[in-house]
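Peer 1: This one is run-v9.cif, mmCIF, C-alpha atoms.
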data_run
loop_
_atom_site.group_PDB
_atom_site.id
_atom_site.type_symbol
_atom_site.label_atom_id
_atom_site.label_comp_id
_atom_site.auth_asym_id
_atom_site.auth_seq_id
_atom_site.Cartn_x
_atom_site.Cartn_y
_atom_site.Cartn_z
ATOM 1 C CA MET Q 923 64.436 157.267 78.016
ATOM 2 C CA ALA Q 924 67.864 157.095 79.622
ATOM 3 C CA GLU Q 925 67.709 153.315 79.613
ATOM 4 C CA LEU Q 926 66.626 153.283 75.985
ATOM 5 C CA HIS Q 927 69.675 155.357 74.993
ATOM 6 C CA ALA Q 928 72.109 153.885 77.542
ATOM 7 C CA ARG Q 929 74.125 151.987 74.953
ATOM 8 C CA GLU Q 930 74.733 154.946 72.661
ATOM 9 C CA ARG Q 931 75.370 157.299 75.579
ATOM 10 C CA LEU Q 932 77.814 155.103 77.451
ATOM 11 C CA SER Q 933 80.694 157.533 76.859
ATOM 12 C CA GLU Q 934 78.720 160.418 78.374
ATOM 13 C CA SER Q 935 77.697 158.301 81.349
ATOM 14 C CA ALA Q 936 81.291 157.213 81.916
ATOM 15 C CA TYR Q 937 82.406 160.847 81.774
ATOM 16 C CA VAL Q 938 79.826 161.862 84.397
ATOM 17 C CA ILE Q 939 80.823 158.984 86.674
ATOM 18 C CA ARG Q 940 84.521 159.908 86.411
ATOM 19 C CA ALA Q 941 83.799 163.612 87.006
ATOM 20 C CA LEU Q 942 81.673 162.883 90.083
ATOM 21 C CA GLU Q 943 84.329 160.523 91.382
ATOM 22 C CA ARG Q 944 87.117 163.089 90.857
ATOM 23 C CA SER Q 945 85.077 165.755 92.649
ATOM 24 C CA GLY Q 946 84.807 163.467 95.664
ATOM 25 C CA ASP Q 947 81.022 163.369 95.449
ATOM 26 C CA LEU Q 948 80.760 159.733 94.351
ATOM 27 C CA ASN Q 949 82.341 156.502 95.522
ATOM 28 C CA ARG Q 950 81.951 154.271 92.501
ATOM 29 C CA SER Q 951 82.564 150.977 94.309
ATOM 30 C CA LEU Q 952 80.240 151.869 97.186
ATOM 31 C CA GLU Q 953 77.444 152.495 94.687
ATOM 32 C CA PHE Q 954 78.240 149.390 92.620
ATOM 33 C CA LEU Q 955 78.979 151.402 89.485
ATOM 34 C CA PRO Q 956 81.207 149.818 86.841
ATOM 35 C CA SER Q 957 84.937 150.516 86.717
ATOM 36 C CA ASP Q 958 86.539 152.056 83.639
ATOM 37 C CA GLU Q 959 87.576 148.553 82.579
ATOM 38 C CA GLU Q 960 84.034 147.251 82.951
ATOM 39 C CA ILE Q 961 82.747 150.198 80.946
ATOM 40 C CA ALA Q 962 85.262 149.400 78.188
ATOM 41 C CA ASP Q 963 84.023 145.791 78.189
ATOM 42 C CA ARG Q 964 80.418 146.972 77.930
ATOM 43 C CA ARG Q 965 81.316 149.270 75.060
ATOM 44 C CA LYS Q 966 82.834 146.309 73.182
ATOM 45 C CA ALA Q 967 79.755 144.200 73.942
ATOM 46 C CA GLY Q 968 77.389 146.979 72.833
ATOM 47 C CA GLU Q 969 75.908 147.404 76.311
ATOM 48 C CA GLY Q 970 75.198 150.483 78.404
ATOM 49 C CA LEU Q 971 74.564 151.215 82.041
ATOM 50 C CA THR Q 972 71.686 149.381 83.684
ATOM 51 C CA ARG Q 973 68.596 151.189 84.932
ATOM 52 C CA PRO Q 974 69.795 151.122 88.587
ATOM 53 C CA GLU Q 975 73.241 152.409 87.535
ATOM 54 C CA LEU Q 976 71.616 155.208 85.557
ATOM 55 C CA ALA Q 977 69.429 156.091 88.544
ATOM 56 C CA VAL Q 978 72.422 156.295 90.880
ATOM 57 C CA THR Q 979 74.412 158.380 88.389
ATOM 58 C CA LEU Q 980 71.503 160.758 87.837
ATOM 59 C CA SER Q 981 70.925 161.117 91.582
ATOM 60 C CA TYR Q 982 74.543 161.991 92.264
ATOM 61 C CA GLY Q 983 74.529 164.391 89.329
ATOM 62 C CA LYS Q 984 71.550 166.208 90.830
ATOM 63 C CA ILE Q 985 73.264 166.383 94.225
ATOM 64 C CA TRP Q 986 76.388 167.838 92.591
ATOM 65 C CA LEU Q 987 74.336 170.401 90.662
ATOM 66 C CA TYR Q 988 72.411 171.430 93.788
ATOM 67 C CA LYS Q 989 75.655 172.024 95.693
ATOM 68 C CA ALA Q 990 77.142 173.972 92.794
ATOM 69 C CA LEU Q 991 74.077 176.225 92.571
ATOM 70 C CA VAL Q 992 73.886 176.848 96.307
ATOM 71 C CA HIS Q 993 77.569 177.809 96.459
ATOM 72 C CA SER Q 994 77.276 180.139 93.466
ATOM 73 C CA ASP Q 995 75.739 183.591 93.191
ATOM 74 C CA VAL Q 996 72.752 182.202 91.272
ATOM 75 C CA PRO Q 997 70.391 182.252 94.301
ATOM 76 C CA GLU Q 998 71.012 185.990 94.746
ATOM 77 C CA ASP Q 999 70.689 186.895 91.066
ATOM 78 C CA PRO Q 1000 67.776 189.347 90.656
ATOM 79 C CA TYR Q 1001 66.628 188.010 87.295
ATOM 80 C CA LEU Q 1002 66.693 184.424 88.480
ATOM 81 C CA SER Q 1003 64.833 185.269 91.698
ATOM 82 C CA ASP Q 1004 61.998 186.632 89.527
ATOM 83 C CA GLU Q 1005 62.110 183.422 87.493
ATOM 84 C CA LEU Q 1006 61.958 181.423 90.720
ATOM 85 C CA THR Q 1007 58.748 183.188 91.689
ATOM 86 C CA ARG Q 1008 57.202 182.497 88.286
ATOM 87 C CA TYR Q 1009 58.177 178.824 88.578
ATOM 88 C CA PHE Q 1010 55.602 178.200 91.294
ATOM 89 C CA PRO Q 1011 51.880 177.871 90.578
ATOM 90 C CA ALA Q 1012 49.711 180.901 91.338
ATOM 91 C CA PRO Q 1013 48.285 179.500 94.633
ATOM 92 C CA VAL Q 1014 51.814 179.025 95.997
ATOM 93 C CA GLN Q 1015 52.821 182.494 94.778
ATOM 94 C CA ARG Q 1016 49.826 184.004 96.614
ATOM 95 C CA ARG Q 1017 50.354 182.002 99.803
ATOM 96 C CA PHE Q 1018 54.043 182.904 100.080
ATOM 97 C CA ALA Q 1019 53.909 186.327 98.379
ATOM 98 C CA ALA Q 1020 55.519 188.207 101.271
ATOM 99 C CA ARG Q 1021 58.407 185.771 101.557
ATOM 100 C CA LEU Q 1022 58.973 185.701 97.798
ATOM 101 C CA LYS Q 1023 58.888 189.508 97.676
ATOM 102 C CA ARG Q 1024 61.516 189.769 100.459
ATOM 103 C CA THR Q 1025 63.741 187.334 98.579
ATOM 104 C CA ALA Q 1026 63.367 189.250 95.317
ATOM 105 C CA CYS Q 1027 64.021 192.607 97.037
ATOM 106 C CA ALA Q 1028 67.106 191.246 98.749
ATOM 107 C CA ALA Q 1029 68.397 189.982 95.412
ATOM 108 C CA ARG Q 1030 67.761 193.323 93.723
ATOM 109 C CA SER Q 1031 69.477 195.285 96.489
ATOM 110 C CA SER Q 1032 72.584 193.127 96.128
ATOM 111 C CA ARG Q 1033 72.738 193.814 92.381
ATOM 112 C CA PRO Q 1034 75.682 196.008 91.376
ATOM 113 C CA ARG Q 1035 74.497 199.286 89.924
ATOM 114 C CA SER Q 1036 75.915 200.677 86.749
ATOM 115 C CA PRO Q 1037 77.175 204.257 86.967
ATOM 116 C CA THR Q 1038 74.941 206.815 85.280
ATOM 117 C CA ALA Q 1039 75.909 210.205 83.933
#
For this file, write the structure as structure tokens.

Peer 2:
Amino acid sequence: MAELHARERLSESAYVIRALERSGDLNRSLEFLPSDEEIADRRKAGEGLTRPELAVTLSYGKIWLYKALVHSDVPEDPYLSDELTRYFPAPVQRRFAARLKRTACAARSSRPRSPTA
């Protein structure tokens, strides 16, 4: 699907590439991704990123997102820890029930409590 819409989504792809490059997570030349000038030329020619370029961009985007989530408070959020448990199929939930319960309890205990009257 990304390849099918690559031409019309070239601006978004270019934005992601620039953002990943600015964050230091992507070396555009090392990964053979087009420069801003090459992207401008493709825009004029009505072309988008190629399938390999899209794959590299998507991969680096996932790596960036993973790092951002791990360094945030999302993993300790009580609501999201319950969602994490529900994400897995029932056999996995049963097999790792004790571990999932410890994780959920730890998340709940770290939740700030609202003052009550």

Peer 1: Could you jot down the atom CA of Q:Arg1008 to atom CA of Q:Ile985 separation for me, Å, one decimal place?

Peer 2: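 Straight-line distance from atom CA of Q:Arg1008 to atom CA of Q:Ile985 works out to 23.5 Å.
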
Peer 1: Within 10 Å of Q:Leu980, counting only C-alpha atoms, which residues show up once you throw out same-chain ones fewer than 5 positions away? Write them as a PyMOL selection string, please.

Peer 2: chain Q and resi 924+935+938-939+974-975+985-986

Peer 1: Run the PyMOL selection byres ((chain Q and resi 955) around 10) mentally over the shown coordinates, then write out the matched residues as a PyMOL selection string, using the chain letters and numbers from the document.

Peer 2: chain Q and resi 936+939+948-954+956-958+960-961+971-972+974-976+978-979

Peer 1: Could you put an axis-aligned box around every listed atom of stretch 954-964 of chain Q, padded by 3 Å on each side, and send me its centre and edge lengths in Å to one decimal, as AutoDock Vina command-line options?

Peer 2:
--center_x 82.9 --center_y 148.9 --center_z 85.3 --size_x 15.3 --size_y 12.3 --size_z 20.7

Peer 1: Just how far from atom CA of Q:Lys966 is atom CA of Q:Tyr937, in Å to one decimal?

Peer 2: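 For atom CA of Q:Tyr937 relative to atom CA of Q:Lys966, the distance reads 16.9 Å.
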
Peer 1: Expressed in Å to a single decimal, how great is the separation between atom CA of Q:Leu1002 and atom CA of Q:Lys984?

Peer 2: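 Spanning atom CA of Q:Leu1002 to atom CA of Q:Lys984 is a straight-line distance of 19.0 Å.
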